[in-house]
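This report refers to the structure that appears directly beneath it.
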Amino acid sequence: MVNITITESAQQYLAELLRKQEDEVLGVRMFVNAPGTPGAETCIAYCRDGDATIEDEQVQYPAFTAFFEKRSVPFLDEATVDYAADKFGGQLTIKAPNSKMPRVGADSPLEDRVNYILYNEINPSLAAHGGEVSLTEITEDHYAILQFGGGCQGCGMVDATLKQGVEKTLLEQLPELTGVRDVTDHSIRDNAYFK
């Protein structure tokens, strides 16, 4: 069960926004992009037909329905959505203290488990060279598609880093992965650690 507070002022504000929509809107949908990572971003969007899934948790408020993405629910725990009016109109704020916390277990989606390892084990090592790696997608055949940045982009040692470091670590901890693929444009060498 989702544990999120949407204050009365935020409910009124969201209900007013929904009333102003010309097309049919089912309600609002709340989710976290890149949950459990330093880049986590908590979002609220209009929920139109086709946006919600049967796995979403639905909560009926007096003036609208809120849909919470199932995958994001653990990261939305104890979140607060508030609205404060001011002389410029007002501001909707979302405080989700657990959105960046790695709440990942064996039953978490593979994408979340890969991100957990990248951000908590691999990136701290790459940061010594000003580098980083992020997950762009998991393919149907269970390859992790990765993008390198910073000092790793264009680095002469990136193949060794990919195979001996990143892939080895991921496959040891996540045997359901088939392998990793790098989609980085390494012709850009401006910040490369080894040129």
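Following the order of the structure tokens, chains are lettered A, B, ..., residues in each are numbered from 1, and ligands are numbered from 1.
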
**Message:** Residues within 8 Å of region 19-28 of chain A, please, as a VMD selection string. Count only C-alpha atoms; anything in the same chain fewer than 6 positions from it doesn't count.
**Reply:** chain A and resid 44 to 49 64 to 67

Dump as a Markdown table the rows for residues of region 91-177 of chain A within 12 Å of region 5-16 of chain A: closest atom pair and distance in Å with one decimal, only C-alpha atoms counted, ordered by chain and rising residue number.
| residue | atom | partner | partner_atom | distance |
| --- | --- | --- | --- | --- |
| A:Gln91 | CA | A:Ala10 | CA | 9.4 |
| A:Leu92 | CA | A:Ala10 | CA | 6.9 |
| A:Thr93 | CA | A:Ala10 | CA | 8.7 |
| A:Ile94 | CA | A:Ile6 | CA | 9.2 |
| A:Lys95 | CA | A:Thr5 | CA | 9.9 |
| A:Ala96 | CA | A:Thr5 | CA | 10.2 |

**Asked** Per DSSP on the backbone, what are the alpha helix (DSSP H) residues of region 6-188 of chain A, as a PyMOL selection string?
**Response** chain A and resi 8-19+73-76+110-117+123-126+158-160+168-173

**Message:** Given only C-alpha atoms as the basis, pick out the residue of A:Val133, A:Ala34, A:Leu174, A:Met1 nearest to Asp107 (chain A).
**Reply:** A:Leu174

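CA of Asp159 (chain A) lies 23.6 Å from CA of Leu110 (chain A).
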
**Message:** I need the residue nearest Leu162 (chain A) from this list: A:Glu132, A:Pro35, A:Pro62, A:Ser187. Use only C-alpha atoms for the distance.
**Reply:** A:Glu132

**Prompt:** Leaving out Val32 (chain A) and any residue of its chain fewer than 6 positions from it, which residues lie within 7 Å of it when counting only C-alpha atoms, given as a list in words?
**Reply:**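 Counting only C-alpha atoms, the residues come to Ala40, Glu41, Thr42, Cys43, Ser72 and Ser99 of chain A.
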
**Asked** Quick one: distance from CA of Asp141 (chain A) to CA of Gln173 (chain A) in Å, one decimal?
**Response**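 Taking CA of Asp141 (chain A) and CA of Gln173 (chain A), their separation equals 17.5 Å.
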
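Here CA of Cys152 (chain A) is placed at a distance of 22.4 Å from CA of Asp112 (chain A).
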
Quick one: residues within 12 Å of Pro38 (chain A), only C-alpha atoms counted, chain neighbours fewer than 3 positions away excluded, as a PDB file with N, CA and C atoms, in the first residue's frame?
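Final output, result_4.pdb:
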ATOM      1  N   VAL A  32       8.838   7.665 -10.139  1.00  0.00           N
ATOM      2  CA  VAL A  32      10.207   8.123  -9.931  1.00  0.00           C
ATOM      3  C   VAL A  32      11.049   7.635 -11.103  1.00  0.00           C
ATOM      4  N   ASN A  33      11.708   8.562 -11.793  1.00  0.00           N
ATOM      5  CA  ASN A  33      12.680   8.205 -12.833  1.00  0.00           C
ATOM      6  C   ASN A  33      13.994   7.872 -12.149  1.00  0.00           C
ATOM      7  N   ALA A  34      14.668   6.809 -12.597  1.00  0.00           N
ATOM      8  CA  ALA A  34      15.949   6.351 -12.037  1.00  0.00           C
ATOM      9  C   ALA A  34      15.865   6.189 -10.525  1.00  0.00           C
ATOM     10  N   PRO A  35      14.852   5.445 -10.030  1.00  0.00           N
ATOM     11  CA  PRO A  35      14.692   5.302  -8.581  1.00  0.00           C
ATOM     12  C   PRO A  35      15.881   4.615  -7.932  1.00  0.00           C
ATOM     13  N   GLU A  41      14.454  11.244  -9.892  1.00  0.00           N
ATOM     14  CA  GLU A  41      13.610  12.423 -10.049  1.00  0.00           C
ATOM     15  C   GLU A  41      12.153  11.996  -9.859  1.00  0.00           C
ATOM     16  N   THR A  42      11.480  12.612  -8.898  1.00  0.00           N
ATOM     17  CA  THR A  42      10.088  12.298  -8.616  1.00  0.00           C
ATOM     18  C   THR A  42       9.197  13.170  -9.488  1.00  0.00           C
ATOM     19  N   PRO A  97      11.759  11.600   0.378  1.00  0.00           N
ATOM     20  CA  PRO A  97      13.048  11.330   1.013  1.00  0.00           C
ATOM     21  C   PRO A  97      13.648   9.969   0.671  1.00  0.00           C
ATOM     22  N   ASN A  98      12.837   9.045   0.194  1.00  0.00           N
ATOM     23  CA  ASN A  98      13.344   7.711  -0.106  1.00  0.00           C
ATOM     24  C   ASN A  98      13.566   7.459  -1.592  1.00  0.00           C
ATOM     25  N   SER A  99      13.379   8.480  -2.432  1.00  0.00           N
ATOM     26  CA  SER A  99      13.486   8.268  -3.886  1.00  0.00           C
ATOM     27  C   SER A  99      14.908   7.920  -4.328  1.00  0.00           C
ATOM     28  N   LYS A 100      15.898   8.440  -3.623  1.00  0.00           N
ATOM     29  CA  LYS A 100      17.288   8.192  -4.014  1.00  0.00           C
ATOM     30  C   LYS A 100      17.921   7.054  -3.218  1.00  0.00           C
ATOM     31  N   MET A 101      17.168   6.502  -2.302  1.00  0.00           N
ATOM     32  CA  MET A 101      17.682   5.422  -1.465  1.00  0.00           C
ATOM     33  C   MET A 101      17.612   4.106  -2.224  1.00  0.00           C
ATOM     34  N   PRO A 102      18.663   3.310  -2.151  1.00  0.00           N
ATOM     35  CA  PRO A 102      18.662   2.033  -2.854  1.00  0.00           C
ATOM     36  C   PRO A 102      17.832   0.977  -2.120  1.00  0.00           C
ATOM     37  N   ASN A 115      21.051  -0.834 -11.802  1.00  0.00           N
ATOM     38  CA  ASN A 115      21.332   0.546 -11.386  1.00  0.00           C
ATOM     39  C   ASN A 115      21.949   0.607  -9.998  1.00  0.00           C
ATOM     40  N   TYR A 116      21.469  -0.226  -9.092  1.00  0.00           N
ATOM     41  CA  TYR A 116      22.010  -0.247  -7.732  1.00  0.00           C
ATOM     42  C   TYR A 116      23.511  -0.562  -7.764  1.00  0.00           C
ATOM     43  N   LEU A 118      25.589  -0.317 -10.372  1.00  0.00           N
ATOM     44  CA  LEU A 118      26.322   0.741 -11.080  1.00  0.00           C
ATOM     45  C   LEU A 118      26.594   1.933 -10.168  1.00  0.00           C
ATOM     46  N   TYR A 119      25.553   2.404  -9.471  1.00  0.00           N
ATOM     47  CA  TYR A 119      25.693   3.637  -8.681  1.00  0.00           C
ATOM     48  C   TYR A 119      26.404   3.425  -7.350  1.00  0.00           C
ATOM     49  N   ASN A 120      26.325   2.213  -6.796  1.00  0.00           N
ATOM     50  CA  ASN A 120      26.885   2.000  -5.467  1.00  0.00           C
ATOM     51  C   ASN A 120      28.211   1.266  -5.452  1.00  0.00           C
ATOM     52  N   ASN A 123      30.359   3.018 -10.107  1.00  0.00           N
ATOM     53  CA  ASN A 123      30.628   4.450 -10.312  1.00  0.00           C
ATOM     54  C   ASN A 123      31.567   5.066  -9.282  1.00  0.00           C
ATOM     55  N   PRO A 124      31.534   4.653  -8.015  1.00  0.00           N
ATOM     56  CA  PRO A 124      32.517   5.230  -7.087  1.00  0.00           C
ATOM     57  C   PRO A 124      33.963   4.955  -7.529  1.00  0.00           C
ATOM     58  N   SER A 134      26.113   4.630 -16.940  1.00  0.00           N
ATOM     59  CA  SER A 134      24.689   4.545 -16.600  1.00  0.00           C
ATOM     60  C   SER A 134      24.010   3.548 -17.521  1.00  0.00           C
TER      61      SER A 134
END

**Message:** Taking only C-alpha atoms into account, name the residue in A:Ala128, A:Val114, A:Leu17, A:Ile4 that is nearest to Gly36 (chain A).
**Reply:** A:Val114
